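*Asks:* Provided below: target_22.pdb, containing PDB, C-alpha atoms.
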MODEL        1
ATOM      1  CA  MET A  16     -38.550  -1.292  23.207
ATOM      2  CA  GLN A  17     -38.520  -2.308  19.563
ATOM      3  CA  PHE A  18     -37.312  -0.313  16.584
ATOM      4  CA  GLN A  19     -40.641  -0.854  14.825
ATOM      5  CA  GLN A  20     -42.541   0.546  17.813
ATOM      6  CA  LEU A  21     -40.510   3.746  17.623
ATOM      7  CA  GLN A  22     -41.318   4.046  13.911
ATOM      8  CA  TYR A  23     -45.035   3.741  14.661
ATOM      9  CA  PHE A  24     -44.812   6.200  17.556
ATOM     10  CA  VAL A  25     -43.088   8.869  15.414
ATOM     11  CA  ALA A  26     -45.594   8.349  12.605
ATOM     12  CA  VAL A  27     -48.539   8.958  14.980
ATOM     13  CA  ALA A  28     -46.781  11.927  16.587
ATOM     14  CA  GLU A  29     -46.239  13.548  13.184
ATOM     15  CA  THR A  30     -49.681  12.851  11.693
ATOM     16  CA  ARG A  31     -51.663  13.133  14.963
ATOM     17  CA  HIS A  32     -53.870  10.413  13.506
ATOM     18  CA  PHE A  33     -53.670   6.638  13.964
ATOM     19  CA  THR A  34     -55.194   5.698  10.608
ATOM     20  CA  ARG A  35     -53.025   8.086   8.574
ATOM     21  CA  ALA A  36     -49.962   6.951  10.544
ATOM     22  CA  ALA A  37     -50.760   3.312   9.739
ATOM     23  CA  GLU A  38     -51.021   4.174   6.053
ATOM     24  CA  ALA A  39     -47.692   6.031   6.187
ATOM     25  CA  VAL A  40     -45.844   3.018   7.594
ATOM     26  CA  HIS A  41     -47.806   0.488   5.519
ATOM     27  CA  VAL A  42     -49.366  -1.458   8.362
ATOM     28  CA  ALA A  43     -52.938  -2.166   9.453
ATOM     29  CA  GLN A  44     -54.261   0.378  11.925
ATOM     30  CA  PRO A  45     -55.124  -2.218  14.638
ATOM     31  CA  SER A  46     -51.552  -3.574  14.503
ATOM     32  CA  LEU A  47     -50.130  -0.075  14.846
ATOM     33  CA  SER A  48     -52.387   0.704  17.807
ATOM     34  CA  GLN A  49     -51.442  -2.583  19.447
ATOM     35  CA  GLN A  50     -47.713  -1.820  19.160
ATOM     36  CA  ILE A  51     -48.161   1.693  20.562
ATOM     37  CA  ARG A  52     -49.995   0.266  23.576
ATOM     38  CA  ALA A  53     -47.216  -2.312  24.079
ATOM     39  CA  LEU A  54     -44.644   0.492  24.014
ATOM     40  CA  GLU A  55     -46.634   2.497  26.570
ATOM     41  CA  ARG A  56     -46.865  -0.533  28.862
ATOM     42  CA  GLU A  57     -43.103  -1.095  28.634
ATOM     43  CA  LEU A  58     -42.375   2.570  29.405
ATOM     44  CA  GLY A  59     -45.011   2.748  32.122
ATOM     45  CA  ALA A  60     -46.546   5.945  30.730
ATOM     46  CA  ASP A  61     -49.105   7.046  28.184
ATOM     47  CA  LEU A  62     -47.580   8.676  25.125
ATOM     48  CA  PHE A  63     -50.753  10.128  23.627
ATOM     49  CA  LEU A  64     -53.916  11.764  24.909
ATOM     50  CA  ARG A  65     -56.661  10.172  22.870
ATOM     51  CA  ALA A  66     -59.755  12.332  22.534
ATOM     52  CA  ARG A  67     -62.310  11.965  19.743
ATOM     53  CA  GLY A  68     -60.704  13.450  16.641
ATOM     54  CA  ASN A  69     -57.819  14.911  18.637
ATOM     55  CA  ILE A  70     -54.501  13.109  19.290
ATOM     56  CA  THR A  71     -51.912  15.010  21.322
ATOM     57  CA  LEU A  72     -48.627  14.056  22.958
ATOM     58  CA  THR A  73     -48.348  13.656  26.690
ATOM     59  CA  ASP A  74     -45.310  14.969  28.545
ATOM     60  CA  ALA A  75     -43.802  11.488  28.238
ATOM     61  CA  GLY A  76     -44.510  11.527  24.519
ATOM     62  CA  GLU A  77     -42.904  14.964  24.132
ATOM     63  CA  ALA A  78     -39.799  13.670  25.941
ATOM     64  CA  LEU A  79     -39.590  10.521  23.810
ATOM     65  CA  LEU A  80     -40.160  12.133  20.395
ATOM     66  CA  PRO A  81     -36.716  13.763  19.830
ATOM     67  CA  LEU A  82     -34.962  10.647  21.145
ATOM     68  CA  ALA A  83     -37.000   8.391  18.878
ATOM     69  CA  ARG A  84     -36.295  10.595  15.868
ATOM     70  CA  ARG A  85     -32.580  10.485  16.649
ATOM     71  CA  ILE A  86     -32.609   6.687  16.958
ATOM     72  CA  LEU A  87     -34.415   6.337  13.641
ATOM     73  CA  ALA A  88     -32.034   8.782  11.962
ATOM     74  CA  ASP A  89     -28.988   6.947  13.311
ATOM     75  CA  ALA A  90     -30.406   3.648  12.076
ATOM     76  CA  ASP A  91     -30.973   5.148   8.638
ATOM     77  CA  THR A  92     -27.386   6.437   8.593
ATOM     78  CA  ALA A  93     -26.072   3.019   9.627
ATOM     79  CA  ARG A  94     -28.126   1.332   6.910
ATOM     80  CA  HIS A  95     -26.819   3.771   4.320
ATOM     81  CA  GLU A  96     -23.185   3.331   5.365
ATOM     82  CA  VAL A  97     -23.455  -0.462   5.283
ATOM     83  CA  GLN A  98     -25.029  -0.308   1.820
ATOM     84  CA  GLU A  99     -22.208   1.989   0.697
ATOM     85  CA  LEU A 100     -19.679  -0.547   1.935
ATOM     86  CA  VAL A 101     -21.467  -3.531   0.432
ATOM     87  CA  GLN A 102     -21.599  -1.762  -2.914
ATOM     88  CA  LEU A 103     -17.936  -0.696  -2.546
ATOM     89  CA  ARG A 104     -18.687   3.008  -2.414
ATOM     90  CA  GLY A 105     -17.081   3.417   1.001
ATOM     91  CA  GLY A 106     -14.991   1.678   3.652
ATOM     92  CA  ARG A 107     -11.290   0.983   4.006
ATOM     93  CA  VAL A 108      -8.638  -1.574   3.224
ATOM     94  CA  ARG A 109      -5.682  -2.083   5.575
ATOM     95  CA  LEU A 110      -2.860  -3.574   3.517
ATOM     96  CA  GLY A 111       0.597  -4.484   4.723
ATOM     97  CA  ALA A 112       3.544  -4.829   2.360
ATOM     98  CA  THR A 113       7.298  -4.885   2.400
ATOM     99  CA  PRO A 114       8.885  -1.579   1.347
ATOM    100  CA  SER A 115      10.234  -3.084  -1.877
ATOM    101  CA  LEU A 116       6.712  -4.128  -2.883
ATOM    102  CA  CYS A 117       5.396  -0.680  -1.996
ATOM    103  CA  THR A 118       7.965   0.671  -4.445
ATOM    104  CA  GLY A 119       7.720  -1.947  -7.188
ATOM    105  CA  LEU A 120       4.372  -3.753  -7.295
ATOM    106  CA  LEU A 121       1.764  -1.686  -5.497
ATOM    107  CA  PRO A 122       1.687   1.755  -7.165
ATOM    108  CA  ASP A 123       0.052   0.549 -10.386
ATOM    109  CA  VAL A 124      -2.358  -1.847  -8.650
ATOM    110  CA  LEU A 125      -3.430   0.700  -6.044
ATOM    111  CA  ARG A 126      -3.937   3.312  -8.750
ATOM    112  CA  ALA A 127      -6.259   0.964 -10.645
ATOM    113  CA  PHE A 128      -8.130   0.107  -7.427
ATOM    114  CA  HIS A 129      -8.522   3.775  -6.478
ATOM    115  CA  ASP A 130      -9.780   4.675  -9.947
ATOM    116  CA  ARG A 131     -12.443   1.968  -9.690
ATOM    117  CA  TYR A 132     -13.383   2.541  -6.017
ATOM    118  CA  PRO A 133     -12.488   6.152  -5.139
ATOM    119  CA  GLY A 134     -14.570   6.117  -1.942
ATOM    120  CA  ILE A 135     -12.500   3.369  -0.284
ATOM    121  CA  ARG A 136      -9.624   4.517   1.907
ATOM    122  CA  LEU A 137      -6.341   2.688   1.383
ATOM    123  CA  MET A 138      -4.274   2.339   4.566
ATOM    124  CA  ILE A 139      -0.769   0.978   3.887
ATOM    125  CA  GLU A 140       1.582  -0.427   6.525
ATOM    126  CA  GLU A 141       5.193  -0.946   5.451
ATOM    127  CA  GLY A 142       7.257  -3.561   7.247
ATOM    128  CA  GLY A 143       9.154  -6.805   7.014
ATOM    129  CA  SER A 144       7.269 -10.076   6.661
ATOM    130  CA  HIS A 145       7.804 -10.936  10.346
ATOM    131  CA  ASP A 146       6.219  -7.654  11.449
ATOM    132  CA  LEU A 147       3.351  -7.963   8.976
ATOM    133  CA  VAL A 148       2.532 -11.484  10.165
ATOM    134  CA  ARG A 149       2.245 -10.185  13.729
ATOM    135  CA  LEU A 150      -0.046  -7.348  12.608
ATOM    136  CA  LEU A 151      -2.260  -9.804  10.720
ATOM    137  CA  ALA A 152      -2.513 -12.006  13.805
ATOM    138  CA  ARG A 153      -3.595  -9.016  15.929
ATOM    139  CA  GLY A 154      -6.278  -8.060  13.424
ATOM    140  CA  ALA A 155      -4.522  -4.788  12.592
ATOM    141  CA  LEU A 156      -4.381  -5.637   8.860
ATOM    142  CA  ASP A 157      -6.880  -7.102   6.411
ATOM    143  CA  LEU A 158      -4.268  -8.346   3.921
ATOM    144  CA  ALA A 159      -0.496  -8.478   3.697
ATOM    145  CA  LEU A 160       2.019  -9.065   0.934
ATOM    146  CA  VAL A 161       4.713 -11.247   2.500
ATOM    147  CA  VAL A 162       7.782 -13.158   1.407
ATOM    148  CA  LEU A 163       7.626 -16.958   1.638
ATOM    149  CA  PRO A 164       8.436 -19.014   3.574
ATOM    150  CA  LEU A 165       6.726 -17.390   6.547
ATOM    151  CA  PRO A 166       8.480 -17.314   9.911
ATOM    152  CA  SER A 167       7.855 -20.400  11.989
ATOM    153  CA  PRO A 168       5.941 -20.761  14.179
ATOM    154  CA  SER A 169       3.397 -18.372  12.655
ATOM    155  CA  PRO A 170      -0.302 -17.827  13.359
ATOM    156  CA  ALA A 171      -2.904 -19.549  11.196
ATOM    157  CA  LEU A 172      -2.749 -17.642   7.921
ATOM    158  CA  THR A 173      -4.057 -18.385   4.468
ATOM    159  CA  THR A 174      -1.480 -17.559   1.803
ATOM    160  CA  VAL A 175      -1.829 -17.481  -1.972
ATOM    161  CA  GLU A 176       1.341 -17.287  -4.076
ATOM    162  CA  LEU A 177       1.309 -14.093  -6.109
ATOM    163  CA  LEU A 178       4.598 -14.014  -8.016
ATOM    164  CA  ARG A 179       8.175 -15.254  -8.135
ATOM    165  CA  GLU A 180      10.501 -12.329  -8.570
ATOM    166  CA  ASP A 181      14.102 -12.201  -9.770
ATOM    167  CA  LEU A 182      16.672 -10.229  -7.815
ATOM    168  CA  VAL A 183      19.274  -8.092  -9.570
ATOM    169  CA  VAL A 184      22.398  -6.152  -8.603
ATOM    170  CA  VAL A 185      22.262  -2.365  -8.790
ATOM    171  CA  SER A 186      25.312  -0.129  -8.824
ATOM    172  CA  SER A 187      26.325   3.410  -9.691
ATOM    173  CA  PRO A 188      27.121   3.972 -13.384
ATOM    174  CA  ASP A 189      30.120   6.009 -12.220
ATOM    175  CA  ALA A 190      31.635   3.057 -10.326
ATOM    176  CA  PRO A 191      33.340   0.006 -11.874
ATOM    177  CA  ALA A 192      30.833  -2.578 -13.065
ATOM    178  CA  PRO A 193      30.356  -5.422 -10.556
ATOM    179  CA  GLY A 194      32.124  -8.560 -11.725
ATOM    180  CA  GLY A 195      34.247  -6.634 -14.245
ATOM    181  CA  THR A 196      33.738  -4.485 -17.317
ATOM    182  CA  GLY A 197      31.810  -6.084 -20.144
ATOM    183  CA  ARG A 198      30.078  -8.700 -18.004
ATOM    184  CA  ARG A 199      26.361  -9.042 -18.819
ATOM    185  CA  THR A 200      25.660 -10.896 -15.588
ATOM    186  CA  VAL A 201      27.228 -11.083 -12.159
ATOM    187  CA  ARG A 202      27.625 -14.132  -9.934
ATOM    188  CA  VAL A 203      26.869 -14.146  -6.228
ATOM    189  CA  ALA A 204      30.536 -15.111  -5.716
ATOM    190  CA  ASP A 205      31.566 -11.847  -7.406
ATOM    191  CA  LEU A 206      29.951  -9.921  -4.559
ATOM    192  CA  GLU A 207      32.781 -11.012  -2.251
ATOM    193  CA  SER A 208      34.929  -8.235  -3.711
ATOM    194  CA  GLU A 209      32.121  -5.640  -3.684
ATOM    195  CA  PRO A 210      31.140  -3.368  -0.796
ATOM    196  CA  LEU A 211      27.433  -3.906  -0.200
ATOM    197  CA  VAL A 212      24.809  -1.362   0.760
ATOM    198  CA  MET A 213      22.676  -3.440   3.090
ATOM    199  CA  PHE A 214      19.142  -3.149   4.423
ATOM    200  CA  ARG A 215      18.296  -2.996   8.095
ATOM    201  CA  HIS A 216      17.751  -6.112  10.211
ATOM    202  CA  GLY A 217      14.323  -7.634   9.662
ATOM    203  CA  TYR A 218      14.366  -7.000   5.911
ATOM    204  CA  ASP A 219      13.733 -10.175   3.918
ATOM    205  CA  LEU A 220      16.200  -8.984   1.267
ATOM    206  CA  ARG A 221      18.945  -8.677   3.853
ATOM    207  CA  GLU A 222      18.463 -12.233   5.073
ATOM    208  CA  LEU A 223      18.254 -13.637   1.546
ATOM    209  CA  THR A 224      21.397 -11.830   0.347
ATOM    210  CA  VAL A 225      23.488 -12.728   3.391
ATOM    211  CA  ALA A 226      22.394 -16.374   3.166
ATOM    212  CA  ALA A 227      23.353 -16.492  -0.536
ATOM    213  CA  CYS A 228      26.808 -15.048   0.210
ATOM    214  CA  ARG A 229      27.421 -17.532   3.014
ATOM    215  CA  ALA A 230      26.349 -20.373   0.722
ATOM    216  CA  GLU A 231      29.223 -19.251  -1.553
ATOM    217  CA  GLY A 232      31.633 -19.416   1.394
ATOM    218  CA  PHE A 233      32.141 -15.760   2.349
ATOM    219  CA  GLU A 234      30.789 -13.077   4.659
ATOM    220  CA  PRO A 235      29.601  -9.974   2.787
ATOM    221  CA  ASP A 236      31.376  -6.670   3.361
ATOM    222  CA  PHE A 237      28.927  -3.907   4.291
ATOM    223  CA  ALA A 238      29.846  -0.391   3.230
ATOM    224  CA  VAL A 239      26.592   0.954   4.681
ATOM    225  CA  GLU A 240      23.831  -0.916   6.465
ATOM    226  CA  GLY A 241      20.562  -0.185   8.197
ATOM    227  CA  GLY A 242      18.612   1.613   5.463
ATOM    228  CA  GLU A 243      15.124   1.347   4.029
ATOM    229  CA  MET A 244      14.644   0.821   0.282
ATOM    230  CA  ASP A 245      14.790   4.480  -0.771
ATOM    231  CA  ALA A 246      17.872   5.072   1.360
ATOM    232  CA  VAL A 247      19.646   1.998  -0.028
ATOM    233  CA  LEU A 248      19.007   3.094  -3.617
ATOM    234  CA  GLY A 249      20.226   6.586  -2.790
ATOM    235  CA  PHE A 250      23.459   5.261  -1.261
ATOM    236  CA  VAL A 251      24.053   3.089  -4.334
ATOM    237  CA  ARG A 252      23.535   6.075  -6.660
ATOM    238  CA  ALA A 253      26.096   7.963  -4.573
ATOM    239  CA  GLY A 254      28.651   5.218  -5.280
ATOM    240  CA  LEU A 255      28.902   3.804  -1.750
ATOM    241  CA  GLY A 256      28.474   0.228  -2.916
ATOM    242  CA  VAL A 257      26.189  -2.213  -4.704
ATOM    243  CA  ALA A 258      22.898  -3.709  -3.537
ATOM    244  CA  VAL A 259      20.734  -6.712  -4.349
ATOM    245  CA  VAL A 260      17.160  -5.606  -5.002
ATOM    246  CA  PRO A 261      14.014  -6.958  -6.716
ATOM    247  CA  ARG A 262      13.861  -6.512 -10.477
ATOM    248  CA  MET A 263      10.571  -4.564 -10.208
ATOM    249  CA  VAL A 264      12.185  -2.027  -7.902
ATOM    250  CA  ALA A 265      15.172  -1.662 -10.219
ATOM    251  CA  THR A 266      12.872  -1.204 -13.214
ATOM    252  CA  ARG A 267      10.725   1.417 -11.525
ATOM    253  CA  SER A 268      13.520   3.215  -9.653
ATOM    254  CA  GLY A 269      16.423   2.495 -12.001
ATOM    255  CA  ARG A 270      17.112   6.086 -13.023
ATOM    256  CA  GLY A 271      20.730   6.803 -12.128
ATOM    257  CA  LEU A 272      21.484   3.117 -11.532
ATOM    258  CA  ARG A 273      23.259   0.360 -13.448
ATOM    259  CA  VAL A 274      21.160  -2.826 -13.315
ATOM    260  CA  THR A 275      22.977  -6.167 -13.750
ATOM    261  CA  PRO A 276      21.153  -9.533 -13.688
ATOM    262  CA  LEU A 277      22.515 -12.349 -11.541
ATOM    263  CA  ALA A 278      23.959 -15.338 -13.406
ATOM    264  CA  ARG A 279      21.958 -18.548 -13.305
ATOM    265  CA  PRO A 280      20.565 -19.947 -11.122
ATOM    266  CA  GLY A 281      20.350 -16.415  -9.724
ATOM    267  CA  LEU A 282      18.380 -15.344  -6.693
ATOM    268  CA  HIS A 283      14.616 -15.217  -6.433
ATOM    269  CA  ARG A 284      11.944 -14.586  -3.864
ATOM    270  CA  THR A 285       8.319 -15.740  -3.699
ATOM    271  CA  ILE A 286       5.660 -13.170  -2.830
ATOM    272  CA  ALA A 287       2.342 -14.273  -1.354
ATOM    273  CA  LEU A 288      -0.874 -12.566  -0.336
ATOM    274  CA  ALA A 289      -1.840 -13.482   3.221
ATOM    275  CA  HIS A 290      -4.835 -13.059   5.507
ATOM    276  CA  ARG A 291      -6.063 -14.663   8.700
ATOM    277  CA  SER A 292      -7.590 -18.103   8.234
ATOM    278  CA  ASP A 293     -10.273 -17.622  10.887
ATOM    279  CA  VAL A 294     -11.663 -14.317   9.585
ATOM    280  CA  ALA A 295     -12.709 -13.571   6.018
ATOM    281  CA  PRO A 296     -11.354 -10.232   4.742
ATOM    282  CA  PRO A 297     -13.934  -7.444   4.334
ATOM    283  CA  ARG A 298     -15.601  -7.008   0.953
ATOM    284  CA  ALA A 299     -13.340  -4.149  -0.130
ATOM    285  CA  ALA A 300     -10.229  -6.122   0.859
ATOM    286  CA  ARG A 301     -11.465  -9.128  -1.107
ATOM    287  CA  GLU A 302     -11.836  -6.923  -4.174
ATOM    288  CA  LEU A 303      -8.265  -5.648  -3.804
ATOM    289  CA  GLN A 304      -7.136  -9.252  -3.331
ATOM    290  CA  ARG A 305      -8.840 -10.178  -6.608
ATOM    291  CA  MET A 306      -7.124  -7.322  -8.458
ATOM    292  CA  LEU A 307      -3.722  -8.303  -7.084
ATOM    293  CA  LEU A 308      -4.187 -11.934  -8.094
ATOM    294  CA  GLU A 309      -5.337 -10.977 -11.581
ATOM    295  CA  ARG A 310      -2.617  -8.414 -12.240
TER     296      ARG A 310
ENDMDL
END
Please express what this file holds, its structure, as C-alpha cells.
*Replies:*
Amino acid sequence: MQFQQLQYFVAVAETRHFTRAAEAVHVAQPSLSQQIRALERELGADLFLRARGNITLTDAGEALLPLARRILADADTARHEVQELVQLRGGRVRLGATPSLCTGLLPDVLRAFHDRYPGIRLMIEEGGSHDLVRLLARGALDLALVVLPLPSPSPALTTVELLREDLVVVSSPDAPAPGGTGRRTVRVADLESEPLVMFRHGYDLRELTVAACRAEGFEPDFAVEGGEMDAVLGFVRAGLGVAVVPRMVATRSGRGLRVTPLARPGLHRTIALAHRSDVAPPRAARELQRMLLER
C-alpha cells in the first residue's frame, strides 16, 4: 500500500468521480485508475462500485476511508513539524553545562537565542565535565560546555575551544581581605592561611583549586565543602571562608562579595563546546553552537 494510492483513493471517494479526482491530485485519469486498481488487488477487495455516472464506496471502501484520511492527516502533520524544525520555528536543544557556566556565560547567550527562535525549547543539564561527557556519549545531550582537558579515556567527541577564563578569589567584604589589607591581588600561596569554601567532588573548580594549592606545597583547609555554585557564593557572603570562582561568575553574582584577582601567572580554565563526533548536532543545536562561538 503506497501513500500516493491512498491520496488517489480519498480523492475519488470525496469527488465520486475519477476524472475530477485526477484533476484534484494533478495526475492523468488513466494513471489514477491504474493505481486504484493496484490498491484493490493488494487489499483483495473492491473499493468502489462503478456504475455509469455513479461511483459509490463498497463496504471495504467505507472501512478504509477514515483510516486513509487519518494517515494522510498524520503525514501532513509530520511534514509541517519537520518544516518547522528545518526553518527553526520548533524543536529542542539539549545543552549541558557546568553550573558556573550556567551562572556566568549562558544567561545572555540563551536570552539572545530565545529572542531569535522562541519556538525552540531549551533543555539545560547542569553537571561536571565528567558527567556531561557521559551524557553526550549516551546521546542524552546535543551539545555540552566542558572544561578542558577532557577526562581520559573519553568517547569520541569533537571539541572547539570557546574561551580561556581567569579565576578570581571571592570573599565577604566584612571579613579581612585575603592576603592582607591593601593587596590588589592575592597569590595561591596566600590561600594556605585562608579557610576555603569548596565545591563538591566532581566539580572542575574543586580539582583545579586543590591541584594549585598542592603545587604550592600545602593542603587547603576547607571551612565548608560539598556545595553547588549558588551555595558556595552564599557561604562566602556569610563570611565562612573564601572561594576560587570564574571571573564571569564573580562579575555577574558579585553583589555582596569582594572580588580579588590572583597574582600572575594566576589560574585559568579553558572552556570548550563539545558534541559527538559520529553524529552531527540537530539544526537548532548547530545554530546555538554558532551563537556561542560568535559571542
*Asks:* Here's the selection I'm unsure about, the PyMOL selection byres ((chain A and resi 83) around 10); applied to the file above, which residues does it give, as a PDB file with C-alpha atoms, in the coordinates of the input?
*Replies:*
ATOM      1  CA  PHE A  18     -37.312  -0.313  16.584  1.00  0.00           C
ATOM      2  CA  GLN A  20     -42.541   0.546  17.813  1.00  0.00           C
ATOM      3  CA  LEU A  21     -40.510   3.746  17.623  1.00  0.00           C
ATOM      4  CA  GLN A  22     -41.318   4.046  13.911  1.00  0.00           C
ATOM      5  CA  PHE A  24     -44.812   6.200  17.556  1.00  0.00           C
ATOM      6  CA  VAL A  25     -43.088   8.869  15.414  1.00  0.00           C
ATOM      7  CA  GLY A  76     -44.510  11.527  24.519  1.00  0.00           C
ATOM      8  CA  ALA A  78     -39.799  13.670  25.941  1.00  0.00           C
ATOM      9  CA  LEU A  79     -39.590  10.521  23.810  1.00  0.00           C
ATOM     10  CA  LEU A  80     -40.160  12.133  20.395  1.00  0.00           C
ATOM     11  CA  PRO A  81     -36.716  13.763  19.830  1.00  0.00           C
ATOM     12  CA  LEU A  82     -34.962  10.647  21.145  1.00  0.00           C
ATOM     13  CA  ARG A  84     -36.295  10.595  15.868  1.00  0.00           C
ATOM     14  CA  ARG A  85     -32.580  10.485  16.649  1.00  0.00           C
ATOM     15  CA  ILE A  86     -32.609   6.687  16.958  1.00  0.00           C
ATOM     16  CA  LEU A  87     -34.415   6.337  13.641  1.00  0.00           C
ATOM     17  CA  ALA A  88     -32.034   8.782  11.962  1.00  0.00           C
ATOM     18  CA  ASP A  89     -28.988   6.947  13.311  1.00  0.00           C
TER      19      ASP A  89
END
*Asks:* Which polymer residues have any atom within 10 Å of an atom of A:Asp205, counting only C-alpha atoms, with same-chain residues fewer than 5 positions away left out, as a compact mmCIF listing (two decimals) with C-alpha atoms, keeping the file's coordinate frame?
*Replies:*
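The result, written out as around.txt:
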# COMPACT_ATOMS: atom_id res chain seq x y z
CA PRO A 193 30.36 -5.42 -10.56
CA GLY A 194 32.12 -8.56 -11.72
CA GLY A 195 34.25 -6.63 -14.24
CA CYS A 228 26.81 -15.05 0.21
CA GLU A 231 29.22 -19.25 -1.55
CA LEU A 277 22.52 -12.35 -11.54
*Asks:* Excluding A:Gly105 and any residue of its chain fewer than 3 positions from it, enumerate the residues within 10 Å of it, using all atoms listed in the file, and give them as a PyMOL selection string.
*Replies:* chain A and resi 96-102+132-136+299
*Asks:* Between A:Glu302, A:Asp157, A:Glu140, A:Glu176, which has the minimum distance to A:Thr285 (counting all atoms listed in the file)?
*Replies:*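 Smallest distance to A:Thr285 is found for A:Glu176.
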*Asks:* Which residue gives the smallest distance to A:Arg298 among A:Leu103, A:Asp219, A:Cys117, A:Thr275, with only C-alpha atoms counted?
*Replies:* A:Leu103
*Asks:* One decimal, Å: what's the distance from atom CA of A:Gln304 over to atom CA of A:Leu178, could you say?
*Replies:*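 These two atoms are separated by 13.5 Å.
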*Asks:* So how many Å separate atom CA of A:Val162 and atom CA of A:Val257, to one decimal?
*Replies:*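 Atom CA of A:Val162 sits 22.3 Å away from atom CA of A:Val257.
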*Asks:* Run through the PyMOL selection byres ((chain A and resi 196-201) around 12) on the given coordinates and return the selected residues as a PyMOL selection string.
*Replies:* chain A and resi 182-186+188+190-195+202-209+257+259+273-282
*Asks:* Find the residues around A:Arg215 up to 9 Å (all atoms listed in the file counted), leave out those fewer than 3 positions away in its own chain, and share them as a list in words.
*Replies:*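 Skipping anything fewer than 3 positions along the chain leaves Tyr218, Arg221, Glu240, Gly241, Gly242 and Glu243 of chain A.
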*Asks:* Mind writing the picked residues with C-alpha atoms as a compact mmCIF listing (two decimals), in the frame of the given file?
*Replies:*
# COMPACT_ATOMS: atom_id res chain seq x y z
CA TYR A 218 14.37 -7.00 5.91
CA ARG A 221 18.94 -8.68 3.85
CA GLU A 240 23.83 -0.92 6.46
CA GLY A 241 20.56 -0.18 8.20
CA GLY A 242 18.61 1.61 5.46
CA GLU A 243 15.12 1.35 4.03
*Asks:* Name the closest residue to A:His290 among the candidates A:Thr174, A:Thr92, A:Thr30, A:Thr73; distances are taken between atoms, counting all atoms listed in the file.
*Replies:*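 Ranking A:Thr174, A:Thr92, A:Thr30, A:Thr73 by distance to A:His290, first place goes to A:Thr174.
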*Asks:* Looking at A:Leu211, A:Leu62, A:Ala300, A:Leu220, which one is nearest to A:Gly256, with distances taken over all atoms listed in the file?
*Replies:* A:Leu211
*Asks:* Pick the closest to A:Gly271 from A:Gly142, A:Leu303, A:Ser187, A:Gly217: which is it, counting all atoms listed in the file?
*Replies:*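 For A:Gly271, the nearest of the given residues is A:Ser187.
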*Asks:* Once the PyMOL selection byres ((chain A and resi 287) around 6) has been evaluated on this model, what residues remain selected, and can you format them as a ChimeraX atom specification?
*Replies:* /A:160-161,174-177,286,288
*Asks:* Calculated over only C-alpha atoms, which of the candidates A:Ala246, A:Leu172, A:Leu125, A:Leu72 has the smallest distance to A:Leu150?
*Replies:*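 Residue with the minimum atom-to-atom distance to A:Leu150: A:Leu172.
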*Asks:* Which distance in Å separates atom CA of A:Ile139 and atom CA of A:Ala112, to one decimal?
*Replies:* 7.4 Å
*Asks:* With a distance cut-off of 9 Å and only C-alpha atoms, select the neighbouring residues of stretch 34-36 of chain A, excluding the residue or stretch itself and same-chain residues fewer than 5 positions from it, and output the selection as a PDB file with C-alpha atoms, in the coordinates of the input.
*Replies:*
ATOM      1  CA  TYR A  23     -45.035   3.741  14.661  1.00  0.00           C
ATOM      2  CA  PHE A  24     -44.812   6.200  17.556  1.00  0.00           C
ATOM      3  CA  VAL A  25     -43.088   8.869  15.414  1.00  0.00           C
ATOM      4  CA  ALA A  26     -45.594   8.349  12.605  1.00  0.00           C
ATOM      5  CA  VAL A  27     -48.539   8.958  14.980  1.00  0.00           C
ATOM      6  CA  ALA A  28     -46.781  11.927  16.587  1.00  0.00           C
ATOM      7  CA  GLU A  29     -46.239  13.548  13.184  1.00  0.00           C
ATOM      8  CA  HIS A  41     -47.806   0.488   5.519  1.00  0.00           C
ATOM      9  CA  VAL A  42     -49.366  -1.458   8.362  1.00  0.00           C
ATOM     10  CA  ALA A  43     -52.938  -2.166   9.453  1.00  0.00           C
ATOM     11  CA  GLN A  44     -54.261   0.378  11.925  1.00  0.00           C
ATOM     12  CA  PRO A  45     -55.124  -2.218  14.638  1.00  0.00           C
ATOM     13  CA  LEU A  47     -50.130  -0.075  14.846  1.00  0.00           C
TER      14      LEU A  47
END
*Asks:* Could you list, as JSON, numbers by chain, every residue within 8 Å of stretch 264-266 of chain A, counting all atoms listed in the file and ignoring same-chain residues fewer than 2 positions away?
*Replies:* {"A": [115, 116, 118, 119, 183, 185, 260, 261, 262, 268, 269, 274]}
*Asks:* Convert the current residue selection to file output with C-alpha atoms, as a short mmCIF file (atom, residue, chain, number, x, y, z; two decimals), in the coordinates of the input.
*Replies:*
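Printed below is out_23.cif as written:
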data_model
loop_
_atom_site.label_atom_id
_atom_site.label_comp_id
_atom_site.auth_asym_id
_atom_site.auth_seq_id
_atom_site.Cartn_x
_atom_site.Cartn_y
_atom_site.Cartn_z
CA SER A 115 10.23 -3.08 -1.88
CA LEU A 116 6.71 -4.13 -2.88
CA THR A 118 7.96 0.67 -4.44
CA GLY A 119 7.72 -1.95 -7.19
CA VAL A 183 19.27 -8.09 -9.57
CA VAL A 185 22.26 -2.37 -8.79
CA VAL A 260 17.16 -5.61 -5.00
CA PRO A 261 14.01 -6.96 -6.72
CA ARG A 262 13.86 -6.51 -10.48
CA SER A 268 13.52 3.22 -9.65
CA GLY A 269 16.42 2.50 -12.00
CA VAL A 274 21.16 -2.83 -13.32
#
